[in-house]
Structure formats: structure tokens, C-alpha cells
Amino acid sequence: VDSFSPARACAFPSRGLAGTVTAPGDKSVSHRALILAALAEGESRIAGLLESADVLATARALRAFGVAAERDAPGCWRVQGGAWRSPAGPIDCGNSGTAARLLMGAAAGFPIEAVFDGDASLRHRPMRRAFAPLAAMGARFEGGDCLPLRLRGRSLRGISYQSPVASAQVKSAILLAGLRAEGPVEVTEPTPSRDHTEIMLRAMGAEVTTEGTIVRLGARRSLRAADLLVPGDPSSAAFPIVAALIVPGSDITITGVMVNTTRIGLFDTLREMGADLQLIDERMMGGERVADVRARFSQLQGVEVPGGRVAAMIDEYPILAVAAAFAQGTTRMSGLAELRHKESDRLAAILCGLQACGVPAEAGDDSLTVTGGMPEGGAVVATEGDHRIAMAFLVLGLAARKPVRVDRPEMIATSFPDFFPLMQHIGARLELTP
Ligand code: S3P
């Protein structure tokens, strides 16, 4: 991803979106499939892997740690797990917080040394939340709160960790380190975060128990190779879904969307706003529940979004704010402090984008209020290099009065490389411009 590319993308007011498309592979599950396979005995096969810039950063990192990870066909990979070795140079995690924090945890129990680094955005994101518990388990870290950081891995002891934030990245870092630790390992969160690591660890033979907000590793901690299937990403599906809800006359279906309850806070909220959203043919895929999601144009109403739902829709606030901009009345969102630590300060970026598009909005330290109507659009939105800000405001431009442009659209490839063709396939008028 060339973060200095001057290219922009433009979304033009579009007519009813229609058709059926398949959701791209889930980013969180894709990172985990590669990393867990790299820790397992034997050769794992992965199908449906999301080949986005973030996930490819994880694949490259694993190779640098001496793991054989081969791509056989689009989305189909083979990974030979085993002991990791010290990489020859710094591990570049690119734009990906998941890559940085999960790899630190996975590497911490090997007797190796590694420097973790990332792009300008990742270098500003807090890492102490992940490495403090790993250091308490016995790993050494040199550096400040941010990348670059040097890890000196070693034998680890167990931990009983009370996490101050509901973060699946922190929880997963501890669980992955815990696989190679002696003694009890447990993590308690303020509210449950996404549980894909736990599901996949169990599928690969480890003993993991969950009791409310407490997750524990049992005595059985070795992983065996497996065939892993990556379900569709609800966080990516959210963009075409909201596009269909706000462009009059739309009726689309996205197939194979993961509907794990720790990920579908947005769907619950959209339904409360009056969205015509149907989950069809719910079934299991790779240990996760999936469904086809049908979304039809709906007149949305403003709602109060409960703060307790934040973890289940943490990445969906940019696109929820866009849905709220087309709703009748006011939508209030609270408990958003974590949005300030994402690929950008998302709360600030959402507010600026909405205001640029003529949408009345106000933000507090950790809250956002959006008053809906018919957004004017006709703006260039600063994405701050954040893929989800770029996609959210392009969706806004499909239903606003005037076209919306965004800068740095190339960052969309970090999570959704096929965003443009998929959206164009259902009728969205999107263009890349110099
Ligand atoms: C992720 C967890 C979330 C989410 C991120 C992916 C994961 O971050 O925002 O996009 O794969 O575990 P936090 O765990 O830091 O909240």
C-alpha cells in the first residue's frame, strides 16, 4: 500500500443497488488461521483466506519467523507449524494492529528476539496494553508504548489478567503466549470481545473454557494442524448492507456472512433503526455461524445505541454514523473511547467527514450524536489513511445529493481489496480518480 499516492475515489448518487455477492473472508479469522496454523504440529490448510494487505503482513511475518506459508490458489494456503526462529530483520506489521499484537503474543514464548514495527498509523497506536501482560508472564520488551518495540522471548509463566479494555487483540495475545506458558492462564474482560481465537484454539485441540467474561486455558495446550475455512467478514459486509439501506429501491444479498454474536452489534442496531435486514439460511462454517444477509432500502429512525454494545460493533461506527445521517431524527452513540485508538482517531475522522458532508453532528470525549436527513455531500473527506473511514464516506456519497470524494482510497486494500468491483457489481457508481 503506497500511502503517498495522490489518487482519490469518488462516489456518485446511485440508483437502486441490486444483486447477490459473496462476502470477502473475515480479517480477524484470517489472521488467526495463519498464526494458529504456524503454532500447530503439522501442515494446516486454509481456504477462503482474506488476501488483504493486513493479512499478507501477517503471512510475511510468519515467514520471517521461519514458518513455511505457501499460497496454492486464491485464498488457499498451506502452513507448516513448528518452532519459530529469530527473524533476520524487523517484522513490518504494516497498518495492522491485529498482526502486531497477536504476533507479539504468539512469539513471546519462543527463545527468540524480534523487532516489531509498522506504518505511521500503527506507530501511533498503544501497544503497552498487549505487551504489559506478556511482560508479566516473563517476556522482555524494549521500547515505549508504541512501535518499534524489541521482544526478547523466553519461558513464560501463567497469568490471571484483568484487562482494563474489552480487546480481542489483548485477550488473544495472552492466550497465544499462554499456549507456551507453565501454569494457569486466565483473562477477564469488562465485556466480552470477539471470540474467534477461542473457537479456533478449541478446533485445533487446545482446552479453552469461557465463563461469562473470563476465558481460561486448560492443561491441554498443544495445537494440531487442521483444515480451516474462513467465513465472510461482517465488518466488510456492513458497507454494501448500509449502502442498500440508504439508496432508494435497493435489494441486495450478501452470502456467507459470519454472524457470531460478538460481531453483529451493527445488525442489531440497524434493525432497531427499522432496517429491513434478513438473515437467511443460518449454518455453521469453519466453527463459526454464517448466514446470507438480505438488505432492502428502509426509512431508518434515529436510536440510542447502548454503550454495552460497543465491543460487538467496534469497527462499525463509521458506517453506522453514515446510516444515522440518513435516519429520521437523532442517533446517539456512547462508550466510544476506543475509537480514538484505531487506524485513525475514528471519532474525530467521522465527525469531520459528517460535517464536511453537511450532516449535523457533535462529538464528546467518547460519544457521537448524528442528526439525520438528506446529506448534501459534495465534499472531499479526509480519511486520515483509515480504510473504514474511506469506505463509509464513499457509501454516504451513493445516496447523498452530490458526489463525495475521499483521499487515500488505496488504504481500502488493508481490509477489503475487492471493495470497488463488489460495490460496482451491485450498481454502485464508484470511480478512482487521479
Ligand atoms: C480485532 C479486534 C478489534 C478490532 C480489530 C480486529 C481482532 O480490536 O477493532 O479491527 O482481530 O482481534 P481491539 O481488540 O483492539 O478492540
# chains A, B, ... in the order shown; residues from 1 in each chain; ligands from 1

$ residues_near_ligand --ligand "ligand 1" --cutoff "6 Å" --atoms "only C-alpha atoms and all ligand atoms" --output "list of chain:residue names"
A:Ser28, A:Thr98, A:Ser167, A:Ala168, A:Gln169, A:Ile314, A:Asp315

$ write_last_selection --atoms "N, CA, C and O atoms" --output "PDB file, in the first residue's frame"
ATOM      1  N   SER A  28     -10.265 -10.837  10.895  1.00  0.00           N
ATOM      2  CA  SER A  28      -9.829 -11.360  12.202  1.00  0.00           C
ATOM      3  C   SER A  28      -9.557 -12.853  12.125  1.00  0.00           C
ATOM      4  O   SER A  28      -8.547 -13.343  12.636  1.00  0.00           O
ATOM      5  N   THR A  98      -3.908  -5.949  14.654  1.00  0.00           N
ATOM      6  CA  THR A  98      -4.093  -7.378  14.963  1.00  0.00           C
ATOM      7  C   THR A  98      -2.796  -8.131  14.713  1.00  0.00           C
ATOM      8  O   THR A  98      -2.378  -8.954  15.536  1.00  0.00           O
ATOM      9  N   SER A 167     -10.764  -5.979  24.609  1.00  0.00           N
ATOM     10  CA  SER A 167      -9.981  -6.022  23.376  1.00  0.00           C
ATOM     11  C   SER A 167      -9.619  -7.460  23.053  1.00  0.00           C
ATOM     12  O   SER A 167      -8.893  -8.119  23.796  1.00  0.00           O
ATOM     13  N   ALA A 168     -10.130  -7.922  21.911  1.00  0.00           N
ATOM     14  CA  ALA A 168      -9.821  -9.283  21.492  1.00  0.00           C
ATOM     15  C   ALA A 168      -8.343  -9.420  21.150  1.00  0.00           C
ATOM     16  O   ALA A 168      -7.775 -10.509  21.245  1.00  0.00           O
ATOM     17  N   GLN A 169      -7.728  -8.309  20.763  1.00  0.00           N
ATOM     18  CA  GLN A 169      -6.298  -8.374  20.438  1.00  0.00           C
ATOM     19  C   GLN A 169      -5.482  -8.629  21.700  1.00  0.00           C
ATOM     20  O   GLN A 169      -4.558  -9.444  21.697  1.00  0.00           O
ATOM     21  N   ILE A 314     -17.334  -2.692  17.289  1.00  0.00           N
ATOM     22  CA  ILE A 314     -16.272  -1.699  17.455  1.00  0.00           C
ATOM     23  C   ILE A 314     -15.803  -1.105  16.122  1.00  0.00           C
ATOM     24  O   ILE A 314     -15.501   0.083  16.047  1.00  0.00           O
ATOM     25  N   ASP A 315     -15.768  -1.918  15.066  1.00  0.00           N
ATOM     26  CA  ASP A 315     -15.270  -1.416  13.774  1.00  0.00           C
ATOM     27  C   ASP A 315     -16.380  -0.811  12.911  1.00  0.00           C
ATOM     28  O   ASP A 315     -16.113  -0.346  11.798  1.00  0.00           O
TER      29      ASP A 315
END

$ closest_atom_pairs --of "region 64-149 of chain A" --to "region 376-397 of chain A" --cutoff "10 Å" --atoms "only C-alpha atoms" --output "JSON lines"
{"residue": "A:Asn95", "atom": "CA", "partner": "A:Asp386", "partner_atom": "CA", "distance": 9.2}
{"residue": "A:Ala120", "atom": "CA", "partner": "A:Gly385", "partner_atom": "CA", "distance": 9.6}
{"residue": "A:Ser121", "atom": "CA", "partner": "A:Gly385", "partner_atom": "CA", "distance": 7.8}

$ write_last_selection --atoms "C-alpha atoms" --output "PDB file, in the first residue's frame"
ATOM      1  CA  ASN A  95      -1.242  -0.933   9.151  1.00  0.00           C
ATOM      2  CA  ALA A 120       2.940   5.689  10.526  1.00  0.00           C
ATOM      3  CA  SER A 121      -0.591   4.936  11.768  1.00  0.00           C
TER       4      SER A 121
END

$ residues_around --residues "Ala238 (chain A)" --least-positions-apart "5" --cutoff "8 Å" --atoms "only C-alpha atoms" --output "number ranges by chain"
A: 266, 316, 319

$ closest_residue --among "A:Arg101, A:Arg152, A:Arg202, A:Arg8" --to "Phe131 (chain A)" --atoms "only C-alpha atoms"
A:Arg101

$ select_by_dssp --residues "region 245-344 of chain A" --states "strand (DSSP E)" --output "VMD selection string"
chain A and resid 251 to 258 276 to 285 288 to 296 304 to 305 330 to 334

$ closest_residue --among "A:Ala73, A:Val21, A:Val303, A:Leu347" --to "Asp268 (chain A)" --atoms "only C-alpha atoms"
A:Val303

$ closest_residue --among "A:Ser236, A:Ser155, A:Ser30, A:Thr197" --to "Val170 (chain A)" --atoms "only C-alpha atoms"
A:Thr197

$ closest_residue --among "A:Leu175, A:Ala428, A:Ala47, A:Val215" --to "Ala106 (chain A)" --atoms "only C-alpha atoms"
A:Leu175

$ residues_around --residues "Arg289 (chain A)" --least-positions-apart "4" --cutoff "8 Å" --atoms "only C-alpha atoms" --output "VMD selection string"
chain A and resid 258 to 260 282 to 285

$ write_last_selection --atoms "N, CA and C atoms" --output "PDB file, in the first residue's frame"
ATOM      1  N   MET A 258     -20.369 -14.080   8.387  1.00  0.00           N
ATOM      2  CA  MET A 258     -20.269 -14.598   9.755  1.00  0.00           C
ATOM      3  C   MET A 258     -21.219 -13.812  10.655  1.00  0.00           C
ATOM      4  N   VAL A 259     -22.030 -14.529  11.465  1.00  0.00           N
ATOM      5  CA  VAL A 259     -22.980 -13.846  12.351  1.00  0.00           C
ATOM      6  C   VAL A 259     -22.728 -14.227  13.811  1.00  0.00           C
ATOM      7  N   ASN A 260     -21.479 -14.497  14.145  1.00  0.00           N
ATOM      8  CA  ASN A 260     -21.026 -14.683  15.530  1.00  0.00           C
ATOM      9  C   ASN A 260     -21.584 -13.514  16.367  1.00  0.00           C
ATOM     10  N   GLU A 282     -29.180 -19.737   8.079  1.00  0.00           N
ATOM     11  CA  GLU A 282     -28.097 -19.758   9.079  1.00  0.00           C
ATOM     12  C   GLU A 282     -27.509 -21.158   9.153  1.00  0.00           C
ATOM     13  N   ARG A 283     -26.184 -21.227   9.165  1.00  0.00           N
ATOM     14  CA  ARG A 283     -25.499 -22.514   9.134  1.00  0.00           C
ATOM     15  C   ARG A 283     -24.118 -22.365   9.738  1.00  0.00           C
ATOM     16  N   MET A 284     -23.390 -23.478   9.938  1.00  0.00           N
ATOM     17  CA  MET A 284     -22.045 -23.410  10.502  1.00  0.00           C
ATOM     18  C   MET A 284     -21.017 -23.514   9.376  1.00  0.00           C
ATOM     19  N   MET A 285     -19.934 -22.761   9.515  1.00  0.00           N
ATOM     20  CA  MET A 285     -18.850 -22.814   8.522  1.00  0.00           C
ATOM     21  C   MET A 285     -17.547 -22.585   9.288  1.00  0.00           C
TER      22      MET A 285
END

$ atom_distance --atom1 "CA of Leu277 (chain A)" --atom2 "CA of His425 (chain A)"
20.0 Å

$ residues_around --residues "Phe326 (chain A)" --least-positions-apart "3" --cutoff "9 Å" --atoms "only C-alpha atoms" --output "list in words"
Ile246, Gln299, Leu300, Gln301, Gly302, Val322, Ala323, Thr371, Gly372, Gly373, Met374, Pro375, Leu396, Ala399 and Ala400 of chain A

$ atom_distance --atom1 "CA of Pro306 (chain A)" --atom2 "CA of Pro231 (chain A)"
27.2 Å

$ atom_distance --atom1 "CA of Ile199 (chain A)" --atom2 "CA of Asp54 (chain A)"
21.4 Å

$ residues_around --residues "Leu62 (chain A)" --least-positions-apart "4" --cutoff "12 Å" --atoms "only C-alpha atoms" --output "count of residues only"
38

$ closest_residue --among "A:Leu320, A:Ala130, A:Leu336, A:Leu432" --to "Pro409 (chain A)" --atoms "only C-alpha atoms"
A:Leu432
